[in-house]
Amino acid sequence: MANPTDETTQSTHSPDAAVPLDRLVAIMARLRDKDHGCPWDIEQDFSTIAPYTIEEAYEVADAIARDDMAALKDELGDLLLQVVFHSRMAEEAGHFTVADVIASISDKMVRRHPHIFADQSVESWDWEAIKAAERSDGGAESAMDGVAVALPALMRAQKLQKRAARTGFDWPDVMGAVEKIGEEIEELLNAETEADRAEEAGDLLFAAVNTVRHMGVTAEDALRAANAKFERRFRMMEALAGQGFADLSLEDKEALWQRAKRGEGAL
């Protein structure tokens, strides 16, 4: 753990004397200092900070979706802080430093782009083969190894399916996946217990992801766009109805939905 009086930490008092990343690293070291730091920052650990890391990544994606460059600058800063925070905690525990993190990703990017940094043609470059070799070198025993459990469920389902497909375990064409959806719908309708319904619902969603994967669609992106579309149209329905929207009949709400769809197309 760095002493709060060392040269790196002192750079926080002279912002112009340090490059931006060095300054941020020094600020985090000061915040985590056991004697002079912030109580909240000091008491955090990897598990308590992880939810903030995930949240910040989503906020970056949201700024991009809104094409808000000012927000993107701020959110990228917040996300970078998460990297520095985790790295500082790891350094205190003797695992690695932020410099090690940067060196590791730099080495990985060079290794994964031999057509740029080595004498290999673009035609012979295989991104997935390189990643598979890395997993093997890292001791991975299954094609499923390395698919993060904390990923959003749709994203993780698609990654698991892609891993399985690379081993040859996959439908030969999209129709196999489409037929599986019909099968899972029937099983869901026939499920008798709450546990069975939950299981069959999961199987149905998994089959839906498999279907769109076969069609070259990213399920997570597709559902995010569908969510945004539904919210946009619903808000338009509420605006068209004015007061008392909730008291309208289903038929009246459906009419408003159709108006919202037509109005959205005219934008």
# chains A, B, ... in the order shown; residues from 1 in each chain; ligands from 1

$ residues_around --residues "His214 of chain A" --least-positions-apart "2" --cutoff "8 Å" --atoms "only C-alpha atoms" --output "ChimeraX atom specification"
/A:173-174,177,210-212,216-217

$ write_last_selection --atoms "C-alpha atoms" --output "JSON list (two decimals), in the first residue's frame"
[["chain", "number", "residue", "atom", "x", "y", "z"],
["A", 173, "ASP", "CA", -29.91, -24.28, -39.92],
["A", 174, "VAL", "CA", -32.27, -21.75, -38.36],
["A", 177, "ALA", "CA", -34.08, -23.43, -33.68],
["A", 210, "ASN", "CA", -30.74, -19.40, -30.47],
["A", 211, "THR", "CA", -33.09, -18.50, -33.30],
["A", 212, "VAL", "CA", -32.00, -14.88, -33.61],
["A", 216, "GLY", "CA", -27.11, -12.98, -37.26],
["A", 217, "VAL", "CA", -28.93, -10.85, -34.69]]

$ residues_around --residues "Ala201 of chain A" --least-positions-apart "6" --cutoff "12 Å" --atoms "only C-alpha atoms" --output "list in words"
Ile181, Glu183, Glu184, Ile185, Glu186, Glu187, Leu188, Leu189, Asn190, Ala191, Glu194, Ala195, Ala207 and Ala208 of chain A

$ write_last_selection --atoms "N, CA, C and O atoms" --output "PDB file, in the first residue's frame"
ATOM      1  N   ILE A 181     -38.593 -23.426 -30.658  1.00  0.00           N
ATOM      2  CA  ILE A 181     -39.432 -22.419 -29.995  1.00  0.00           C
ATOM      3  C   ILE A 181     -40.858 -22.934 -29.841  1.00  0.00           C
ATOM      4  O   ILE A 181     -41.467 -22.826 -28.767  1.00  0.00           O
ATOM      5  N   GLU A 183     -41.842 -25.993 -29.725  1.00  0.00           N
ATOM      6  CA  GLU A 183     -41.830 -27.067 -28.734  1.00  0.00           C
ATOM      7  C   GLU A 183     -41.808 -26.506 -27.316  1.00  0.00           C
ATOM      8  O   GLU A 183     -42.549 -26.997 -26.440  1.00  0.00           O
ATOM      9  N   GLU A 184     -41.001 -25.475 -27.110  1.00  0.00           N
ATOM     10  CA  GLU A 184     -40.883 -24.901 -25.762  1.00  0.00           C
ATOM     11  C   GLU A 184     -42.149 -24.148 -25.357  1.00  0.00           C
ATOM     12  O   GLU A 184     -42.518 -24.134 -24.177  1.00  0.00           O
ATOM     13  N   ILE A 185     -42.827 -23.511 -26.317  1.00  0.00           N
ATOM     14  CA  ILE A 185     -44.095 -22.847 -26.009  1.00  0.00           C
ATOM     15  C   ILE A 185     -45.120 -23.868 -25.519  1.00  0.00           C
ATOM     16  O   ILE A 185     -45.823 -23.649 -24.524  1.00  0.00           O
ATOM     17  N   GLU A 186     -45.189 -24.987 -26.208  1.00  0.00           N
ATOM     18  CA  GLU A 186     -46.145 -26.041 -25.815  1.00  0.00           C
ATOM     19  C   GLU A 186     -45.813 -26.562 -24.418  1.00  0.00           C
ATOM     20  O   GLU A 186     -46.718 -26.772 -23.597  1.00  0.00           O
ATOM     21  N   GLU A 187     -44.536 -26.768 -24.139  1.00  0.00           N
ATOM     22  CA  GLU A 187     -44.152 -27.269 -22.820  1.00  0.00           C
ATOM     23  C   GLU A 187     -44.445 -26.247 -21.728  1.00  0.00           C
ATOM     24  O   GLU A 187     -44.831 -26.619 -20.609  1.00  0.00           O
ATOM     25  N   LEU A 188     -44.291 -24.977 -22.051  1.00  0.00           N
ATOM     26  CA  LEU A 188     -44.614 -23.942 -21.077  1.00  0.00           C
ATOM     27  C   LEU A 188     -46.111 -23.913 -20.788  1.00  0.00           C
ATOM     28  O   LEU A 188     -46.533 -23.812 -19.628  1.00  0.00           O
ATOM     29  N   LEU A 189     -46.914 -24.026 -21.828  1.00  0.00           N
ATOM     30  CA  LEU A 189     -48.361 -24.016 -21.649  1.00  0.00           C
ATOM     31  C   LEU A 189     -48.844 -25.217 -20.840  1.00  0.00           C
ATOM     32  O   LEU A 189     -49.857 -25.141 -20.133  1.00  0.00           O
ATOM     33  N   ASN A 190     -48.118 -26.327 -20.941  1.00  0.00           N
ATOM     34  CA  ASN A 190     -48.522 -27.551 -20.245  1.00  0.00           C
ATOM     35  C   ASN A 190     -47.887 -27.690 -18.860  1.00  0.00           C
ATOM     36  O   ASN A 190     -48.187 -28.653 -18.141  1.00  0.00           O
ATOM     37  N   ALA A 191     -47.013 -26.775 -18.484  1.00  0.00           N
ATOM     38  CA  ALA A 191     -46.356 -26.852 -17.181  1.00  0.00           C
ATOM     39  C   ALA A 191     -47.389 -26.691 -16.071  1.00  0.00           C
ATOM     40  O   ALA A 191     -48.267 -25.832 -16.139  1.00  0.00           O
ATOM     41  N   GLU A 194     -45.263 -23.951 -10.519  1.00  0.00           N
ATOM     42  CA  GLU A 194     -44.535 -22.690 -10.701  1.00  0.00           C
ATOM     43  C   GLU A 194     -43.086 -22.948 -11.089  1.00  0.00           C
ATOM     44  O   GLU A 194     -42.542 -22.258 -11.968  1.00  0.00           O
ATOM     45  N   ALA A 195     -42.467 -23.953 -10.475  1.00  0.00           N
ATOM     46  CA  ALA A 195     -41.085 -24.291 -10.797  1.00  0.00           C
ATOM     47  C   ALA A 195     -40.960 -24.768 -12.239  1.00  0.00           C
ATOM     48  O   ALA A 195     -40.017 -24.384 -12.951  1.00  0.00           O
ATOM     49  N   ALA A 207     -34.294 -20.697 -26.433  1.00  0.00           N
ATOM     50  CA  ALA A 207     -34.559 -21.081 -27.821  1.00  0.00           C
ATOM     51  C   ALA A 207     -34.731 -19.858 -28.709  1.00  0.00           C
ATOM     52  O   ALA A 207     -34.297 -19.845 -29.867  1.00  0.00           O
ATOM     53  N   ALA A 208     -35.357 -18.803 -28.166  1.00  0.00           N
ATOM     54  CA  ALA A 208     -35.522 -17.566 -28.935  1.00  0.00           C
ATOM     55  C   ALA A 208     -34.166 -16.938 -29.239  1.00  0.00           C
ATOM     56  O   ALA A 208     -33.921 -16.460 -30.354  1.00  0.00           O
TER      57      ALA A 208
END

$ residues_around --residues "Arg32 of chain A" --least-positions-apart "2" --cutoff "12 Å" --atoms "only C-alpha atoms" --output "PyMOL selection string"
chain A and resi 1-4+9+25-30+34-45+84-92

$ closest_residue --among "A:Ile102, A:Val209, A:Val149, A:Ala255" --to "Lys162 of chain A" --atoms "only C-alpha atoms"
A:Val209

$ select_by_dssp --residues "segment 162-199 of chain A" --states "helix (DSSP H, G or I)" --output "PyMOL selection string"
chain A and resi 162-166+174-190+194-199

$ write_last_selection --atoms "C-alpha atoms" --output "mmCIF file, in the first residue's frame"
data_model
loop_
_atom_site.group_PDB
_atom_site.id
_atom_site.type_symbol
_atom_site.label_atom_id
_atom_site.label_comp_id
_atom_site.auth_asym_id
_atom_site.auth_seq_id
_atom_site.Cartn_x
_atom_site.Cartn_y
_atom_site.Cartn_z
ATOM 1 C CA LYS A 162 -21.677 -19.645 -29.883
ATOM 2 C CA ARG A 163 -19.141 -21.580 -27.829
ATOM 3 C CA ALA A 164 -21.159 -24.770 -28.260
ATOM 4 C CA ALA A 165 -21.531 -24.123 -31.991
ATOM 5 C CA ARG A 166 -17.748 -23.933 -32.417
ATOM 6 C CA VAL A 174 -32.269 -21.752 -38.360
ATOM 7 C CA MET A 175 -35.360 -23.910 -38.820
ATOM 8 C CA GLY A 176 -34.218 -26.326 -36.126
ATOM 9 C CA ALA A 177 -34.081 -23.433 -33.680
ATOM 10 C CA VAL A 178 -37.453 -22.105 -34.873
ATOM 11 C CA GLU A 179 -39.113 -25.482 -34.348
ATOM 12 C CA LYS A 180 -37.582 -25.639 -30.882
ATOM 13 C CA ILE A 181 -39.432 -22.419 -29.995
ATOM 14 C CA GLY A 182 -42.746 -24.059 -30.841
ATOM 15 C CA GLU A 183 -41.830 -27.067 -28.734
ATOM 16 C CA GLU A 184 -40.883 -24.901 -25.762
ATOM 17 C CA ILE A 185 -44.095 -22.847 -26.009
ATOM 18 C CA GLU A 186 -46.145 -26.041 -25.815
ATOM 19 C CA GLU A 187 -44.152 -27.269 -22.820
ATOM 20 C CA LEU A 188 -44.614 -23.942 -21.077
ATOM 21 C CA LEU A 189 -48.361 -24.016 -21.649
ATOM 22 C CA ASN A 190 -48.522 -27.551 -20.245
ATOM 23 C CA GLU A 194 -44.535 -22.690 -10.701
ATOM 24 C CA ALA A 195 -41.085 -24.291 -10.797
ATOM 25 C CA ASP A 196 -41.904 -26.078 -14.057
ATOM 26 C CA ARG A 197 -43.230 -22.868 -15.607
ATOM 27 C CA ALA A 198 -40.066 -20.997 -14.632
ATOM 28 C CA GLU A 199 -37.893 -23.727 -16.145
#

$ closest_residue --among "A:Pro114, A:Gly168, A:Gly94, A:Gly263" --to "Ile130 of chain A" --atoms "only C-alpha atoms"
A:Pro114

$ residues_around --residues "segment 234-237 of chain A" --least-positions-apart "2" --cutoff "7 Å" --atoms "only C-alpha atoms" --output "mmCIF file with N, CA and C atoms, in the first residue's frame"
data_model
loop_
_atom_site.group_PDB
_atom_site.id
_atom_site.type_symbol
_atom_site.label_atom_id
_atom_site.label_comp_id
_atom_site.auth_asym_id
_atom_site.auth_seq_id
_atom_site.Cartn_x
_atom_site.Cartn_y
_atom_site.Cartn_z
ATOM 1 N N PHE A 230 -40.909 0.164 -27.247
ATOM 2 C CA PHE A 230 -42.135 0.029 -26.469
ATOM 3 C C PHE A 230 -42.312 1.223 -25.541
ATOM 4 N N GLU A 231 -41.248 1.621 -24.852
ATOM 5 C CA GLU A 231 -41.347 2.758 -23.929
ATOM 6 C C GLU A 231 -41.720 4.039 -24.677
ATOM 7 N N ARG A 232 -41.097 4.236 -25.832
ATOM 8 C CA ARG A 232 -41.367 5.442 -26.624
ATOM 9 C C ARG A 232 -42.833 5.492 -27.049
ATOM 10 N N ALA A 239 -49.430 10.490 -23.721
ATOM 11 C CA ALA A 239 -49.543 11.896 -24.115
ATOM 12 C C ALA A 239 -50.802 12.135 -24.941
ATOM 13 N N LEU A 240 -51.125 11.195 -25.813
ATOM 14 C CA LEU A 240 -52.321 11.326 -26.645
ATOM 15 C C LEU A 240 -53.594 11.251 -25.799
ATOM 16 N N ALA A 241 -53.564 10.412 -24.759
ATOM 17 C CA ALA A 241 -54.759 10.217 -23.931
ATOM 18 C C ALA A 241 -54.963 11.349 -22.946
ATOM 19 N N LEU A 256 -55.067 3.824 -29.297
ATOM 20 C CA LEU A 256 -53.986 4.782 -29.046
ATOM 21 C C LEU A 256 -52.633 4.204 -29.445
ATOM 22 N N TRP A 257 -52.462 2.911 -29.199
ATOM 23 C CA TRP A 257 -51.206 2.249 -29.580
ATOM 24 C C TRP A 257 -51.000 2.327 -31.094
ATOM 25 N N ALA A 260 -50.038 5.772 -31.983
ATOM 26 C CA ALA A 260 -48.644 6.019 -31.612
ATOM 27 C C ALA A 260 -47.711 5.416 -32.655
#

$ residues_around --residues "Leu154 of chain A" --least-positions-apart "3" --cutoff "7 Å" --atoms "only C-alpha atoms" --output "PDB file with C-alpha atoms, in the first residue's frame"
ATOM      1  CA  ALA A 157     -27.058 -17.330 -23.521  1.00  0.00           C
ATOM      2  CA  GLN A 158     -25.821 -16.200 -26.922  1.00  0.00           C
ATOM      3  CA  VAL A 209     -31.938 -16.407 -28.463  1.00  0.00           C
ATOM      4  CA  ALA A 219     -30.282 -10.803 -28.843  1.00  0.00           C
ATOM      5  CA  GLU A 220     -29.250  -8.294 -26.165  1.00  0.00           C
TER       6      GLU A 220
END

$ closest_atom_pairs --of "segment 78-102 of chain A" --to "segment 60-74 of chain A" --cutoff "12 Å" --atoms "only C-alpha atoms" --output "JSON lines"
{"residue": "A:Asp78", "atom": "CA", "partner": "A:Asp74", "partner_atom": "CA", "distance": 6.4}
{"residue": "A:Leu79", "atom": "CA", "partner": "A:Val60", "partner_atom": "CA", "distance": 7.7}
{"residue": "A:Leu80", "atom": "CA", "partner": "A:Asp74", "partner_atom": "CA", "distance": 9.9}
{"residue": "A:Leu81", "atom": "CA", "partner": "A:Asp74", "partner_atom": "CA", "distance": 10.7}

$ write_last_selection --atoms "N, CA, C and O atoms" --output "tab-separated table (two decimals), in the first residue's frame"
chain	number	residue	atom	x	y	z
A	78	ASP	N	-16.26	7.80	-15.32
A	78	ASP	CA	-16.77	7.00	-14.20
A	78	ASP	C	-16.35	5.53	-14.34
A	78	ASP	O	-16.03	4.87	-13.35
A	79	LEU	N	-16.38	5.03	-15.58
A	79	LEU	CA	-15.99	3.65	-15.81
A	79	LEU	C	-14.48	3.45	-15.59
A	79	LEU	O	-14.06	2.45	-15.00
A	80	LEU	N	-13.70	4.43	-16.02
A	80	LEU	CA	-12.26	4.36	-15.79
A	80	LEU	C	-11.95	4.36	-14.29
A	80	LEU	O	-11.04	3.67	-13.83
A	81	LEU	N	-12.72	5.13	-13.53
A	81	LEU	CA	-12.54	5.15	-12.08
A	81	LEU	C	-12.72	3.75	-11.50
A	81	LEU	O	-12.01	3.36	-10.57

$ atom_distance --atom1 "atom CA of Thr48 of chain A" --atom2 "atom CA of Gln82 of chain A"
11.5 Å
